[in-house]
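**Q** Structure incoming, see below.
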Amino acid sequence: MYHIAVYFDVPAERQQEFVDAALEDGRESSANEPGTKRFELIRDKDNAGRFYLNEAYDDAAAFEVHAAGPYFKRFFEIVGSFADGPHWLIQGSRVDDPDAAPVTEQ
């Protein structure tokens with residue numbers, strides 16, 4: 001499983017627009033890109049203008065499909081003029097413990 005996490009800082013007057021665009025991106029990607037496994041939008045508990053995207057894909061190639069796709073493009077068309085980001089936090093493959101019980105995605 002391939003994971004990415006980024007954050008954006010968004011001005012107060014544009015936060016709902018950002019939320020709507022991010023949720024649309026996640027909803028459409030999850031429905032139409034088979035390699036997209038998780039797409040979460042998280043608002044920072046201490047900074048209401050900071051939003052995190054926590055995403056999981058089958059592999060790096062599936063993330064590249066997403067990044068080249070129409071939902072990703074539309075998201076950045078909407079938020080690119082006002083959101084500061086993305087600022088990368090993580091990008092990489094999960095290291096699984098072969099001796100542990102299987103983890104189920106929620």
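By order of appearance in the structure tokens: chains A, B, ..., then residues from 1 within every chain, and ligands from 1 in the order shown.
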Assign secondary structure with DSSP using the backbone only, and return the residues of region 13-106 of chain A in strand (DSSP E or B) as an MDAnalysis selection string.

**A** chainID A and resid 36:43 50:57 84:93

**Q** Write a file of the just-selected residues containing N, CA and C atoms, as a compact mmCIF listing (two decimals), in the first residue's frame.

**A**
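Once everything was written out, this is part-v4.txt:
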```
# COMPACT_ATOMS: atom_id res chain seq x y z
N THR A 36 -7.33 3.77 -5.90
CA THR A 36 -7.49 4.67 -4.76
C THR A 36 -8.19 3.90 -3.64
N LYS A 37 -7.53 3.77 -2.51
CA LYS A 37 -8.07 2.97 -1.39
C LYS A 37 -8.58 3.82 -0.24
N ARG A 38 -7.99 5.00 -0.03
CA ARG A 38 -8.45 5.86 1.07
C ARG A 38 -8.17 7.30 0.70
N PHE A 39 -9.11 8.16 1.05
CA PHE A 39 -8.96 9.59 0.80
C PHE A 39 -9.63 10.31 1.96
N GLU A 40 -8.84 10.86 2.86
CA GLU A 40 -9.38 11.49 4.06
C GLU A 40 -8.99 12.97 4.10
N LEU A 41 -9.95 13.80 4.47
CA LEU A 41 -9.72 15.22 4.70
C LEU A 41 -9.82 15.45 6.20
N ILE A 42 -8.80 16.06 6.77
CA ILE A 42 -8.73 16.26 8.22
C ILE A 42 -8.43 17.73 8.49
N ARG A 43 -9.23 18.35 9.36
CA ARG A 43 -8.96 19.74 9.78
C ARG A 43 -8.11 19.68 11.05
N ARG A 50 -5.82 24.96 8.62
CA ARG A 50 -4.93 23.92 8.08
C ARG A 50 -5.72 22.63 7.87
N PHE A 51 -5.58 22.10 6.66
CA PHE A 51 -6.26 20.87 6.27
C PHE A 51 -5.23 19.86 5.79
N TYR A 52 -5.43 18.61 6.20
CA TYR A 52 -4.55 17.52 5.79
C TYR A 52 -5.31 16.60 4.84
N LEU A 53 -4.62 16.11 3.83
CA LEU A 53 -5.13 15.03 2.99
C LEU A 53 -4.30 13.81 3.29
N ASN A 54 -4.95 12.75 3.70
CA ASN A 54 -4.32 11.48 4.02
C ASN A 54 -4.88 10.46 3.04
N GLU A 55 -4.03 9.96 2.16
CA GLU A 55 -4.52 9.12 1.06
C GLU A 55 -3.73 7.82 0.98
N ALA A 56 -4.39 6.78 0.48
CA ALA A 56 -3.73 5.48 0.29
C ALA A 56 -4.12 4.94 -1.08
N TYR A 57 -3.15 4.29 -1.71
CA TYR A 57 -3.31 3.74 -3.05
C TYR A 57 -2.73 2.34 -3.08
N ASP A 84 -2.46 27.48 0.22
CA ASP A 84 -1.00 27.36 0.31
C ASP A 84 -0.66 25.89 0.52
N GLY A 85 -0.17 25.25 -0.52
CA GLY A 85 0.16 23.84 -0.45
C GLY A 85 0.08 23.23 -1.82
N PRO A 86 0.33 21.98 -1.94
CA PRO A 86 0.50 21.01 -0.86
C PRO A 86 1.91 21.05 -0.27
N HIS A 87 1.96 20.85 1.02
CA HIS A 87 3.21 20.67 1.75
C HIS A 87 3.28 19.19 2.13
N TRP A 88 4.29 18.51 1.63
CA TRP A 88 4.39 17.06 1.83
C TRP A 88 4.79 16.71 3.25
N LEU A 89 4.09 15.74 3.82
CA LEU A 89 4.41 15.18 5.12
C LEU A 89 4.98 13.78 4.98
N ILE A 90 4.32 12.95 4.18
CA ILE A 90 4.83 11.60 3.90
C ILE A 90 4.51 11.21 2.47
N GLN A 91 5.33 10.35 1.96
CA GLN A 91 5.10 9.74 0.65
C GLN A 91 5.92 8.46 0.64
N GLY A 92 5.23 7.32 0.63
CA GLY A 92 5.96 6.07 0.62
C GLY A 92 5.08 4.87 0.83
N SER A 93 5.71 3.73 0.84
CA SER A 93 5.00 2.45 0.96
C SER A 93 5.01 1.97 2.40
```

**Q** Find the residue from A:Val79, A:Phe63, A:Pro34, A:Arg74 that sits nearest to Val19 (chain A); use only C-alpha atoms when measuring.

**A** A:Val79

**Q** So, with only C-alpha atoms as the atoms that count, which of A:Gly80, A:Val10, A:Phe75, A:Asp96 lies closest to Leu23 (chain A)?

**A**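 So, comparing all the options, the nearest one is A:Phe75.
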
**Q** Of the candidates A:Ala22, A:Ala12, A:Glu64, A:Tyr7, which shows the shortest atom-to-atom distance to Gly35 (chain A), using only C-alpha atoms?

**A**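 Ranked by minimum distance to Gly35 (chain A), first place goes to A:Glu64.
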
**Q** For CA of Val65 (chain A) and CA of Pro11 (chain A), quote the distance in Å rounded to one decimal.

**A**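 Between CA of Val65 (chain A) and CA of Pro11 (chain A) the gap works out to 29.4 Å.
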
**Q** Could you check which of A:Phe72, A:Gln15, A:His3, A:Asp44 is closest to Arg27 (chain A), using only C-alpha atoms?

**A**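 Once distances to Arg27 (chain A) are computed over only C-alpha atoms, the minimum belongs to A:Phe72.
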
**Q** As a ChimeraX atom specification, please: every residue in region 6-104 of chain A that a backbone DSSP assignment puts in helix (DSSP H, G or I).

**A** /A:12-32,60-67,70-79

**Q** Using only C-alpha atoms, which residue out of A:Ala67, A:Asn32, A:Ile4, A:Glu17 lies closest to Ser81 (chain A)?

**A**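 Nearest to Ser81 (chain A): A:Glu17.
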